[in-house]
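A.B. asks: File name target00.cif; file contents mmCIF, C-alpha atoms; full text below.
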data_coords
loop_
_atom_site.label_atom_id
_atom_site.label_comp_id
_atom_site.auth_asym_id
_atom_site.auth_seq_id
_atom_site.Cartn_x
_atom_site.Cartn_y
_atom_site.Cartn_z
CA MET A 868 0.00 0.00 0.00
CA SER A 869 1.17 3.51 -0.70
CA ILE A 870 0.05 7.02 0.12
CA SER A 871 0.84 9.93 -2.21
CA HIS A 872 -0.81 13.31 -1.88
CA ILE A 873 0.27 16.85 -2.49
CA SER A 874 -1.11 18.40 0.72
CA LYS A 875 -2.95 17.66 3.92
CA SER A 876 -6.72 17.95 4.09
CA ILE A 877 -8.21 20.71 6.24
CA TYR A 878 -9.33 17.95 8.59
CA GLN A 879 -5.73 16.82 9.13
CA ILE A 880 -4.90 20.41 10.04
CA ASP A 881 -7.87 20.59 12.42
CA ILE A 882 -6.96 17.42 14.32
CA THR A 883 -3.92 15.16 14.63
CA ALA A 884 -4.69 11.46 14.39
CA PRO A 885 -3.37 9.37 17.31
CA LYS A 886 -0.65 6.85 16.49
CA PHE A 887 -2.22 3.99 18.45
CA LEU A 888 0.39 1.17 18.40
CA GLY A 889 2.56 2.78 15.75
CA GLU A 890 4.64 0.73 13.34
CA LEU A 891 4.57 -3.08 13.55
CA ASN A 892 7.99 -4.21 14.81
CA LYS A 893 7.66 -8.01 15.12
CA ASP A 894 6.04 -11.08 13.57
CA ILE A 895 2.51 -11.66 14.91
CA ALA A 896 -0.49 -13.98 14.59
CA CYS A 897 -4.15 -13.06 15.02
CA ASP A 898 -7.70 -14.24 14.42
CA VAL A 899 -8.46 -11.54 11.84
CA ALA A 900 -6.08 -9.28 9.94
CA ILE A 901 -7.58 -6.16 8.34
CA ILE A 902 -5.79 -4.14 5.68
CA GLY A 903 -6.80 -0.48 5.59
CA GLY A 904 -7.43 1.99 8.41
CA GLY A 905 -10.22 3.93 6.74
CA LEU A 906 -13.90 3.91 7.61
CA THR A 907 -14.52 0.39 6.28
CA GLY A 908 -11.53 -1.22 7.97
CA ILE A 909 -12.08 0.52 11.30
CA SER A 910 -15.83 -0.24 11.26
CA THR A 911 -15.15 -3.92 10.57
CA ALA A 912 -12.48 -4.05 13.27
CA LEU A 913 -14.73 -2.38 15.83
CA SER A 914 -17.57 -4.83 15.18
CA LEU A 915 -15.30 -7.88 15.45
CA GLY A 916 -13.37 -6.54 18.44
CA GLU A 917 -16.59 -6.11 20.37
CA ARG A 918 -17.39 -9.75 19.61
CA GLY A 919 -14.15 -10.87 21.23
CA TYR A 920 -12.02 -11.56 18.16
CA ASN A 921 -8.27 -10.94 18.24
CA VAL A 922 -8.14 -8.32 15.47
CA CYS A 923 -5.05 -6.62 14.05
CA LEU A 924 -5.50 -3.72 11.63
CA PHE A 925 -2.74 -2.36 9.39
CA GLU A 926 -2.68 1.16 7.95
CA ALA A 927 0.04 2.34 5.57
CA GLY A 928 0.13 5.87 7.00
CA SER A 929 -1.74 7.59 9.81
CA ILE A 930 -5.43 7.03 10.44
CA GLY A 931 -7.22 9.23 7.90
CA ASP A 932 -4.33 9.67 5.44
CA GLY A 933 -6.43 8.06 2.71
CA GLY A 934 -9.85 8.87 1.29
CA SER A 935 -11.67 8.51 4.63
CA GLY A 936 -9.85 11.59 5.92
CA ARG A 937 -9.91 13.53 2.66
CA ASN A 938 -13.49 13.42 1.39
CA GLY A 939 -16.08 16.18 1.34
CA GLY A 940 -17.88 14.89 4.43
CA GLN A 941 -21.18 14.24 2.64
CA ILE A 942 -23.46 11.59 4.19
CA CYS A 943 -25.71 10.26 1.43
CA GLN A 944 -27.92 7.21 1.78
CA GLY A 945 -28.71 4.59 -0.82
CA TRP A 946 -26.60 2.48 -3.12
CA SER A 947 -24.05 4.25 -5.30
CA ALA A 948 -26.02 3.11 -8.37
CA SER A 949 -29.79 2.72 -8.62
CA PHE A 950 -31.44 0.01 -6.55
CA GLU A 951 -33.18 -1.12 -9.73
CA LYS A 952 -29.78 -2.02 -11.16
CA LEU A 953 -28.79 -3.90 -8.01
CA SER A 954 -32.12 -5.71 -7.69
CA ARG A 955 -31.51 -7.61 -10.95
CA TYR A 956 -29.06 -9.75 -9.03
CA ILE A 957 -30.96 -10.06 -5.74
CA LYS A 958 -33.14 -12.99 -4.75
CA PRO A 959 -36.76 -11.79 -4.42
CA GLU A 960 -36.91 -12.85 -0.77
CA LEU A 961 -33.85 -10.67 -0.01
CA ARG A 962 -34.96 -7.61 -1.94
CA GLU A 963 -36.41 -5.74 1.04
CA ASP A 964 -33.36 -6.50 3.19
CA MET A 965 -31.02 -5.24 0.47
CA TRP A 966 -33.08 -2.07 0.06
CA LEU A 967 -32.86 -1.41 3.81
CA THR A 968 -29.14 -2.17 3.69
CA GLY A 969 -28.65 0.60 1.14
CA VAL A 970 -30.46 3.29 3.12
CA SER A 971 -29.14 2.33 6.54
CA GLY A 972 -25.80 4.17 6.30
CA PRO A 973 -26.87 7.51 7.85
CA SER A 974 -28.76 5.84 10.69
CA LEU A 975 -25.70 3.68 11.45
CA ILE A 976 -23.58 6.83 11.66
CA LYS A 977 -26.11 8.45 13.98
CA GLU A 978 -26.17 5.32 16.16
CA LYS A 979 -22.37 5.14 16.43
CA VAL A 980 -22.00 8.86 17.11
CA ASN A 981 -24.41 8.47 20.04
CA ARG A 982 -23.05 5.15 21.32
CA TYR A 983 -19.39 6.15 21.30
CA LYS A 984 -20.00 9.84 22.04
CA ILE A 985 -18.14 11.00 18.93
CA ASP A 986 -18.02 14.78 18.46
CA CYS A 987 -17.81 15.02 14.67
CA ASP A 988 -19.82 18.18 13.83
CA ILE A 989 -22.71 16.21 12.37
CA GLN A 990 -25.43 18.18 10.55
CA TRP A 991 -28.53 16.71 8.90
CA GLY A 992 -30.06 17.80 5.59
CA TYR A 993 -28.93 17.20 2.01
CA VAL A 994 -29.98 18.85 -1.26
CA HIS A 995 -29.56 17.38 -4.74
CA THR A 996 -29.66 20.39 -7.07
CA ALA A 997 -30.77 20.53 -10.70
CA ILE A 998 -29.00 22.60 -13.33
CA HIS A 999 -31.55 21.96 -16.08
CA LYS A 1000 -34.94 20.30 -16.65
CA GLY A 1001 -33.36 16.94 -17.39
CA HIS A 1002 -31.95 16.91 -13.86
CA MET A 1003 -35.38 17.76 -12.43
CA ARG A 1004 -36.90 14.77 -14.25
CA GLU A 1005 -34.17 12.56 -12.80
CA LEU A 1006 -34.81 13.87 -9.30
CA ASP A 1007 -38.56 13.36 -9.67
CA ASN A 1008 -37.96 9.73 -10.69
CA TYR A 1009 -35.50 9.35 -7.81
CA GLN A 1010 -38.08 10.50 -5.28
CA LYS A 1011 -40.78 8.21 -6.71
CA SER A 1012 -38.46 5.22 -6.63
CA PHE A 1013 -37.49 5.82 -3.00
CA GLU A 1014 -41.07 6.45 -1.90
CA LEU A 1015 -42.22 3.20 -3.55
CA ASN A 1016 -39.72 1.43 -1.31
CA GLY A 1017 -40.94 3.19 1.85
CA TYR A 1018 -38.41 6.04 2.16
CA SER A 1019 -40.34 9.22 3.03
CA GLU A 1020 -37.58 11.73 3.79
CA LEU A 1021 -37.49 13.33 0.32
CA SER A 1022 -39.17 16.58 -0.76
CA ILE A 1023 -39.11 18.01 -4.29
CA LEU A 1024 -38.05 21.65 -4.53
CA PRO A 1025 -39.78 22.42 -7.85
CA ASP A 1026 -38.34 25.85 -8.60
CA LYS A 1027 -35.64 28.34 -7.71
CA SER A 1028 -37.72 30.11 -5.06
CA SER A 1029 -38.29 26.91 -3.07
CA LEU A 1030 -34.63 25.97 -3.46
CA PHE A 1031 -33.52 29.35 -2.08
CA ASN A 1032 -34.63 28.27 1.41
CA TYR A 1033 -31.77 25.76 1.28
CA VAL A 1034 -29.12 27.04 -1.15
CA ARG A 1035 -28.97 30.43 -2.90
CA SER A 1036 -27.43 30.22 -6.33
CA ASP A 1037 -28.57 31.22 -9.78
CA ALA A 1038 -26.80 28.10 -11.11
CA TYR A 1039 -29.74 25.88 -10.13
CA ILE A 1040 -33.41 25.73 -11.09
CA GLY A 1041 -34.69 23.39 -8.37
CA GLY A 1042 -33.76 20.32 -6.40
CA LEU A 1043 -34.62 17.50 -4.03
CA TYR A 1044 -34.24 17.77 -0.24
CA ASP A 1045 -33.30 14.69 1.80
CA ASN A 1046 -33.93 15.05 5.52
CA GLY A 1047 -32.25 11.70 6.20
CA SER A 1048 -28.80 12.57 4.84
CA GLY A 1049 -26.30 15.24 5.82
CA HIS A 1050 -22.61 15.91 6.51
CA LEU A 1051 -19.89 15.67 9.16
CA HIS A 1052 -16.18 16.14 9.87
CA PRO A 1053 -14.96 12.81 8.45
CA LEU A 1054 -11.64 12.63 10.27
CA LYS A 1055 -13.19 13.36 13.67
CA TYR A 1056 -15.70 10.58 12.99
CA LEU A 1057 -13.02 8.14 11.83
CA ILE A 1058 -10.77 8.82 14.83
CA GLY A 1059 -13.75 8.41 17.16
CA LEU A 1060 -14.44 4.97 15.68
CA ALA A 1061 -10.75 4.05 15.86
CA LYS A 1062 -10.58 4.97 19.55
CA ALA A 1063 -13.66 2.83 20.18
CA ALA A 1064 -12.05 -0.06 18.29
CA ALA A 1065 -8.84 0.25 20.34
CA THR A 1066 -10.93 0.26 23.53
CA ALA A 1067 -12.58 -2.95 22.30
CA GLY A 1068 -9.15 -4.59 22.07
CA VAL A 1069 -8.31 -4.08 18.39
CA SER A 1070 -4.57 -3.71 17.70
CA ILE A 1071 -4.16 -0.79 15.28
CA TYR A 1072 -0.78 -0.54 13.58
CA THR A 1073 -0.09 2.72 11.69
CA ASN A 1074 2.80 3.44 9.32
CA SER A 1075 2.79 -0.28 8.57
CA PRO A 1076 2.25 -0.70 4.82
CA ILE A 1077 1.56 -4.23 3.61
CA SER A 1078 3.97 -5.27 0.85
CA SER A 1079 2.60 -8.74 0.01
CA ILE A 1080 -0.58 -10.75 0.43
CA GLN A 1081 -0.71 -14.56 0.24
CA THR A 1082 -4.02 -16.43 0.57
CA ALA A 1083 -3.19 -19.85 -0.90
CA ASN A 1084 -4.77 -22.94 0.71
CA ASN A 1085 -6.87 -20.74 3.01
CA LYS A 1086 -3.71 -19.66 4.83
CA ASN A 1087 -3.34 -15.89 5.12
CA ARG A 1088 0.18 -14.58 5.28
CA LEU A 1089 1.01 -10.89 5.02
CA ALA A 1090 4.34 -9.10 5.05
CA THR A 1091 4.98 -5.47 5.87
CA ALA A 1092 7.36 -3.24 3.95
CA GLN A 1093 9.68 -3.51 6.97
CA GLY A 1094 9.84 -7.31 6.59
CA PHE A 1095 7.60 -8.44 9.46
CA VAL A 1096 5.14 -11.30 8.90
CA ILE A 1097 1.49 -11.51 9.95
CA THR A 1098 -0.40 -14.81 9.93
CA ALA A 1099 -4.17 -14.68 10.33
CA GLU A 1100 -6.98 -17.18 10.37
CA GLN A 1101 -9.10 -14.72 8.38
CA LEU A 1102 -8.23 -11.73 6.23
CA VAL A 1103 -10.35 -8.68 5.34
CA ILE A 1104 -9.05 -6.29 2.66
CA CYS A 1105 -10.44 -2.74 2.88
CA GLY A 1106 -7.78 -0.65 1.10
CA ASN A 1107 -10.06 0.35 -1.80
CA ALA A 1108 -8.30 2.87 -4.10
CA TYR A 1109 -5.20 2.94 -1.88
CA LEU A 1110 -3.98 -0.65 -2.16
CA GLY A 1111 -1.81 0.04 -5.19
CA SER A 1112 0.38 -2.75 -6.51
CA VAL A 1113 -0.11 -4.95 -3.43
CA SER A 1114 -3.73 -5.45 -4.48
CA PRO A 1115 -4.38 -8.86 -6.06
CA LYS A 1116 -4.75 -8.59 -9.83
CA ARG A 1117 -8.41 -9.59 -9.71
CA LEU A 1118 -9.20 -6.63 -7.46
CA ARG A 1119 -7.09 -4.10 -9.39
CA GLY A 1120 -8.92 -4.69 -12.65
CA ARG A 1121 -12.35 -4.14 -11.12
CA ILE A 1122 -11.90 -0.59 -9.85
CA ALA A 1123 -10.52 2.63 -11.23
CA PRO A 1124 -8.89 5.05 -8.79
CA VAL A 1125 -10.41 8.50 -9.35
CA THR A 1126 -8.90 11.64 -7.85
CA SER A 1127 -11.36 14.14 -6.40
CA SER A 1128 -10.29 17.52 -5.06
CA VAL A 1129 -11.66 19.65 -2.24
CA MET A 1130 -10.93 23.07 -0.76
CA ALA A 1131 -11.89 24.99 2.36
CA THR A 1132 -12.45 28.75 2.42
CA GLU A 1133 -11.78 31.00 5.36
CA PRO A 1134 -14.84 31.24 7.67
CA LEU A 1135 -17.90 32.95 6.21
CA SER A 1136 -19.78 35.63 8.08
CA GLU A 1137 -23.36 34.95 9.17
CA THR A 1138 -24.54 37.24 6.38
CA GLU A 1139 -22.49 35.33 3.82
CA ILE A 1140 -23.85 32.02 5.07
CA GLU A 1141 -27.40 33.35 4.74
CA GLU A 1142 -26.60 34.36 1.15
CA THR A 1143 -25.00 30.98 0.35
CA ILE A 1144 -26.42 27.94 2.21
CA PRO A 1145 -28.89 29.28 4.82
CA SER A 1146 -30.00 25.73 5.66
CA LYS A 1147 -26.38 24.56 6.22
CA ALA A 1148 -27.38 21.39 4.38
CA ALA A 1149 -24.94 19.40 2.26
CA ILE A 1150 -25.33 20.16 -1.45
CA ALA A 1151 -24.51 18.16 -4.59
CA ASP A 1152 -25.43 19.01 -8.17
CA GLY A 1153 -26.70 16.66 -10.86
CA ASN A 1154 -23.74 16.57 -13.23
CA THR A 1155 -21.68 13.44 -13.81
CA ALA A 1156 -18.57 15.38 -12.77
CA LEU A 1157 -20.48 16.91 -9.90
CA ASN A 1158 -19.72 19.73 -7.49
CA TYR A 1159 -20.47 19.10 -3.82
CA PHE A 1160 -20.22 21.53 -0.93
CA ARG A 1161 -21.31 22.38 2.60
CA ILE A 1162 -20.78 24.83 5.46
CA ASP A 1163 -18.78 23.18 8.25
CA GLN A 1164 -18.85 23.78 12.00
CA GLN A 1165 -16.25 26.56 11.67
CA ASN A 1166 -18.38 28.30 9.00
CA ARG A 1167 -15.94 27.42 6.21
CA LEU A 1168 -17.30 26.51 2.80
CA ILE A 1169 -16.00 23.01 2.00
CA PHE A 1170 -16.20 22.83 -1.80
CA GLY A 1171 -15.32 19.72 -3.81
CA GLY A 1172 -15.36 18.44 -7.36
CA ARG A 1173 -12.83 18.21 -10.20
CA ALA A 1174 -12.82 14.43 -10.67
CA SER A 1175 -9.72 13.21 -12.52
CA TYR A 1176 -9.37 9.73 -14.04
CA LEU A 1177 -5.66 10.12 -14.76
CA ASN A 1178 -4.64 8.52 -11.42
CA THR A 1179 -2.14 11.27 -10.63
CA ASP A 1180 -2.04 13.93 -7.94
CA PRO A 1181 -3.48 16.98 -9.76
CA LEU A 1182 -1.75 20.33 -9.90
CA ASP A 1183 -3.33 23.75 -9.38
CA VAL A 1184 -6.29 22.32 -7.48
CA GLU A 1185 -7.19 25.61 -5.84
CA SER A 1186 -7.43 27.58 -9.09
CA ASP A 1187 -9.72 25.03 -10.71
CA LEU A 1188 -11.99 24.72 -7.68
CA LYS A 1189 -12.26 28.51 -7.35
CA LYS A 1190 -13.53 28.65 -10.95
CA ARG A 1191 -16.15 26.05 -10.05
CA MET A 1192 -17.11 27.94 -6.91
CA LYS A 1193 -17.40 31.19 -8.88
CA ALA A 1194 -19.97 29.58 -11.20
CA VAL A 1195 -22.10 28.69 -8.18
CA PHE A 1196 -21.33 31.46 -5.66
CA PRO A 1197 -19.72 34.45 -7.42
CA HIS A 1198 -20.11 36.57 -4.28
CA LEU A 1199 -17.51 34.41 -2.49
CA MET A 1200 -14.64 34.92 -4.94
CA ARG A 1201 -12.81 37.29 -2.61
CA LYS A 1202 -12.72 34.76 0.20
CA GLN A 1203 -9.30 33.36 1.03
CA ILE A 1204 -8.72 29.63 0.63
CA GLN A 1205 -7.38 28.02 3.79
CA GLN A 1206 -6.50 24.68 2.20
CA ALA A 1207 -6.94 22.69 -1.03
CA TRP A 1208 -6.26 18.97 -1.28
CA SER A 1209 -7.07 15.78 -3.17
CA GLY A 1210 -8.01 12.20 -2.36
CA ARG A 1211 -8.87 9.01 -4.21
CA ILE A 1212 -12.14 7.16 -4.53
CA GLY A 1213 -12.60 3.77 -6.16
CA ILE A 1214 -15.27 3.34 -8.81
CA THR A 1215 -16.56 0.19 -10.48
CA VAL A 1216 -17.89 -0.21 -14.03
CA ASN A 1217 -21.49 -0.58 -12.79
CA ARG A 1218 -20.97 1.88 -9.86
CA LEU A 1219 -22.05 -0.80 -7.34
CA PRO A 1220 -19.66 -1.88 -4.54
CA ASP A 1221 -17.58 -4.96 -5.27
CA PHE A 1222 -17.75 -7.60 -2.51
CA GLY A 1223 -15.79 -10.79 -3.05
CA ARG A 1224 -13.62 -13.65 -1.85
CA LEU A 1225 -10.01 -14.46 -2.57
CA SER A 1226 -10.41 -17.73 -0.66
CA ASN A 1227 -12.68 -19.24 1.98
CA THR A 1228 -10.86 -17.19 4.61
CA ALA A 1229 -10.04 -13.99 2.72
CA ILE A 1230 -12.68 -11.42 1.75
CA TYR A 1231 -12.72 -7.85 0.47
CA VAL A 1232 -14.85 -4.89 -0.51
CA GLN A 1233 -14.04 -1.95 -2.76
CA GLY A 1234 -15.54 0.56 -5.19
CA TYR A 1235 -18.12 2.65 -3.33
CA SER A 1236 -18.11 5.08 -6.28
CA GLY A 1237 -18.51 8.20 -4.17
CA HIS A 1238 -20.87 6.91 -1.44
CA GLY A 1239 -18.20 5.74 0.98
CA VAL A 1240 -18.84 7.95 4.02
CA ALA A 1241 -22.22 6.38 4.76
CA PHE A 1242 -21.90 3.00 3.08
CA SER A 1243 -18.52 2.13 4.62
CA GLY A 1244 -20.23 1.49 7.97
CA VAL A 1245 -22.78 -0.76 6.27
CA ALA A 1246 -19.95 -2.59 4.52
CA GLY A 1247 -18.17 -3.04 7.85
CA ASP A 1248 -21.25 -4.75 9.27
CA ILE A 1249 -21.57 -7.00 6.21
CA LEU A 1250 -17.89 -7.98 6.35
CA SER A 1251 -17.94 -8.68 10.08
CA GLU A 1252 -21.07 -10.80 9.65
CA ALA A 1253 -19.27 -12.85 6.99
CA VAL A 1254 -16.26 -13.38 9.28
CA ILE A 1255 -18.43 -14.77 12.10
CA GLY A 1256 -20.35 -17.04 9.70
CA ASN A 1257 -23.50 -15.06 8.94
CA GLU A 1258 -22.83 -14.76 5.22
CA THR A 1259 -26.29 -14.08 3.78
CA ARG A 1260 -25.83 -10.43 2.79
CA PHE A 1261 -22.18 -10.84 1.84
CA ASP A 1262 -22.82 -13.88 -0.37
CA GLN A 1263 -25.75 -12.14 -2.06
CA LEU A 1264 -23.57 -9.14 -2.92
CA THR A 1265 -20.77 -11.31 -4.29
CA LYS A 1266 -23.22 -12.38 -6.99
CA VAL A 1267 -23.32 -8.87 -8.47
CA PRO A 1268 -21.16 -9.16 -11.64
CA HIS A 1269 -18.21 -6.79 -11.94
CA LEU A 1270 -16.49 -6.41 -15.28
CA PRO A 1271 -12.87 -5.30 -15.39
CA PHE A 1272 -12.22 -1.85 -16.76
CA PRO A 1273 -11.10 -2.09 -20.39
CA GLY A 1274 -7.83 -0.90 -21.83
CA GLY A 1275 -5.07 -2.78 -20.05
CA PRO A 1276 -2.02 -0.50 -19.92
CA PHE A 1277 -4.08 2.19 -21.71
CA ARG A 1278 -6.91 2.08 -19.15
CA THR A 1279 -6.16 5.46 -17.56
CA PRO A 1280 -6.28 7.57 -20.76
CA ILE A 1281 -9.32 5.63 -22.00
CA LEU A 1282 -11.16 6.38 -18.75
CA ALA A 1283 -10.16 10.04 -18.96
CA LEU A 1284 -11.52 10.24 -22.52
CA GLY A 1285 -14.75 8.55 -21.46
CA MET A 1286 -15.21 10.97 -18.59
CA GLY A 1287 -14.56 13.82 -21.00
CA TRP A 1288 -17.55 12.67 -23.04
CA TYR A 1289 -19.84 12.77 -19.99
CA LYS A 1290 -18.53 16.20 -19.01
CA MET A 1291 -19.36 17.40 -22.52
CA LYS A 1292 -22.89 16.00 -22.16
CA ASP A 1293 -23.23 17.88 -18.87
CA TYR A 1294 -22.01 21.10 -20.48
CA PHE A 1295 -24.38 20.90 -23.44
CA GLN A 1296 -27.20 19.47 -21.29
CA ILE A 1297 -27.59 16.47 -23.57
#
If you convert what's in this file into structure tokens, what do you get?

C.D. replies:
Amino acid sequence: MSISHISKSIYQIDITAPKFLGELNKDIACDVAIIGGGLTGISTALSLGERGYNVCLFEAGSIGDGGSGRNGGQICQGWSASFEKLSRYIKPELREDMWLTGVSGPSLIKEKVNRYKIDCDIQWGYVHTAIHKGHMRELDNYQKSFELNGYSELSILPDKSSLFNYVRSDAYIGGLYDNGSGHLHPLKYLIGLAKAAATAGVSIYTNSPISSIQTANNKNRLATAQGFVITAEQLVICGNAYLGSVSPKRLRGRIAPVTSSVMATEPLSETEIEETIPSKAAIADGNTALNYFRIDQQNRLIFGGRASYLNTDPLDVESDLKKRMKAVFPHLMRKQIQQAWSGRIGITVNRLPDFGRLSNTAIYVQGYSGHGVAFSGVAGDILSEAVIGNETRFDQLTKVPHLPFPGGPFRTPILALGMGWYKMKDYFQI
């Protein structure tokens, strides 16, 4: 596993992640080894630790160095692709359970925040905004689909005047309000979960990158970059877009690492907040290469977007994001930028998460396609259930087919060209 980023996130400036056990310095054995100290890995570890398992978790850098400490902080429920797409592969008798699984992410966050007393600046309310009439039709269909399945937290904002109660921008013509989604400080939340996991007996090793993974004959053997060996009865891989070359070939082909960039402005005045996002809800627009933003607890505008499929750390992030912000909130162009940074997300071809097995004792998940903050906790529950032998949800999700991304060594430029086509469609409102 490797970590490569140009700058710290604003969250890493706000709070320093504890080192826990620090770097692994000896050979060890455990019941369950977990690779990846992000929201999925920590959630899985916490669940298993509380059940009495001897769990060792390995993070290449500090807790929150990867995408879990670099995202926009948006809590959005539902599957990362439509439930209709997922339901093609679900047994009829499991359909309701899988629907509830998809929308349970925010409530799981709320439950854990209360149970472990995590102060993570949580704020409820989320608005999907429409730039043109095509987006409004999509949002109308979205609401109808969710209501048919019993989700009643959505309200259509049919025009600009109704939208202005939530977000004030001439860039949008309407939207959809979700009372059951919201936003938080992702690193505070992650560290809160990690502290709870450590209290439950989980051994958390930071600055301990895994250099090799062996799962032959149901025997799990890992080695760190420093040469220490871990043997585990069961292995859970949660590195997502940060595994790099240590990722088994089968996993690498199924996801594309996408770089998304975020910036934080200096604090806004109360008047500026009222002129920008008076509701303090999280906002995301309807474009494929979407913008997403929110007002945080310190009254900073956290503004993200600029997805790059080139799998490199982008340059001049701040300049590009300021142009995007100007198109939405021109009155904020004089605000100073406190920090701009990037992070990686993993996407799949069908935009559904990829659950799978490398052997009877080695499992993984990857590819949340932008829905990781909420769904990572759900995934942690599903993975921990599979480890203890309750494999119903996990096995059902392994049946979702995942094609490898095409292109071989030319995959990155091909993906970039494909994304360029969708950006053009957004621009011309095709």

A.B. asks: Quick one: which residues end up in the PyMOL selection byres ((chain A and resi 1058) around 12) for this structure, as a VMD selection string?

C.D. replies: chain A and resid 878 to 879 882 to 887 904 to 906 909 to 910 913 929 to 932 935 to 936 980 983 to 987 1052 to 1057 1059 to 1065 1071

A.B. asks: Applied to the shown file, which residues does the PyMOL selection byres ((chain A and resi 915) around 10) return, written as a ChimeraX atom specification?

C.D. replies: /A:898-899,909-914,916-922,1064,1067-1069,1247-1248,1250-1252,1254-1255

A.B. asks: What does the PyMOL selection byres ((chain A and resi 1075) around 8) select in this file, as a list in words?

C.D. replies: Gly889, Glu890, Leu891, Phe925, Glu926, Ala927, Gly928, Tyr1072, Thr1073, Asn1074, Pro1076, Ile1077, Thr1091, Ala1092 and Gln1093 of chain A

A.B. asks: For atom CA of Val1240 of chain A and atom CA of Leu1030 of chain A, quote the distance in Å rounded to one decimal.

C.D. replies: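 So the two atoms, atom CA of Val1240 of chain A and atom CA of Leu1030 of chain A, lie 25.1 Å apart.
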
A.B. asks: Between atom CA of Ile1150 of chain A and atom CA of Phe1242 of chain A, measure the distance and give it in Å to one decimal.

C.D. replies: 18.1 Å

A.B. asks: With all atoms listed in the file as the basis for distance, which of A:Lys979, A:Tyr1033, A:Phe950, A:Ile1023 is at the shortest distance from Ala1241 of chain A?

C.D. replies: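 Going through A:Lys979, A:Tyr1033, A:Phe950, A:Ile1023 one by one, the smallest distance to Ala1241 of chain A is for A:Lys979.
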
A.B. asks: Show me the residues around (-17.7, 6.6, -11.7) - criterion: an atom at most 10 Å away, only C-alpha atoms counted - as a compact mmCIF listing (two decimals) with C-alpha atoms, in the frame of the given file.

C.D. replies:
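New file result-v8.txt:
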# COMPACT_ATOMS: atom_id res chain seq x y z
CA SER A 947 -24.05 4.25 -5.30
CA ALA A 948 -26.02 3.11 -8.37
CA ILE A 1122 -11.90 -0.59 -9.85
CA ALA A 1123 -10.52 2.63 -11.23
CA PRO A 1124 -8.89 5.05 -8.79
CA VAL A 1125 -10.41 8.50 -9.35
CA THR A 1155 -21.68 13.44 -13.81
CA ALA A 1156 -18.57 15.38 -12.77
CA ALA A 1174 -12.82 14.43 -10.67
CA TYR A 1176 -9.37 9.73 -14.04
CA ILE A 1212 -12.14 7.16 -4.53
CA GLY A 1213 -12.60 3.77 -6.16
CA ILE A 1214 -15.27 3.34 -8.81
CA THR A 1215 -16.56 0.19 -10.48
CA VAL A 1216 -17.89 -0.21 -14.03
CA ASN A 1217 -21.49 -0.58 -12.79
CA ARG A 1218 -20.97 1.88 -9.86
CA LEU A 1219 -22.05 -0.80 -7.34
CA GLY A 1234 -15.54 0.56 -5.19
CA TYR A 1235 -18.12 2.65 -3.33
CA SER A 1236 -18.11 5.08 -6.28
CA GLY A 1237 -18.51 8.20 -4.17
CA LEU A 1282 -11.16 6.38 -18.75
CA MET A 1286 -15.21 10.97 -18.59

A.B. asks: Which is closer to Ser1012 of chain A than all the others in A:Asn981, A:Thr996, A:Gln1233, A:Ser949, using all atoms listed in the file?

C.D. replies: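 Closest to Ser1012 of chain A, using all atoms listed in the file: A:Ser949.
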
A.B. asks: Just want the 8 Å neighbourhood of Phe1196 of chain A, counted on all atoms listed in the file, with same-chain residues fewer than 4 positions away dropped. Output as a list of chain:residue names.

C.D. replies: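 Once the nearby chain positions are removed, what remains is A:Ser1036, A:Thr1143, A:Met1192, A:Met1200.
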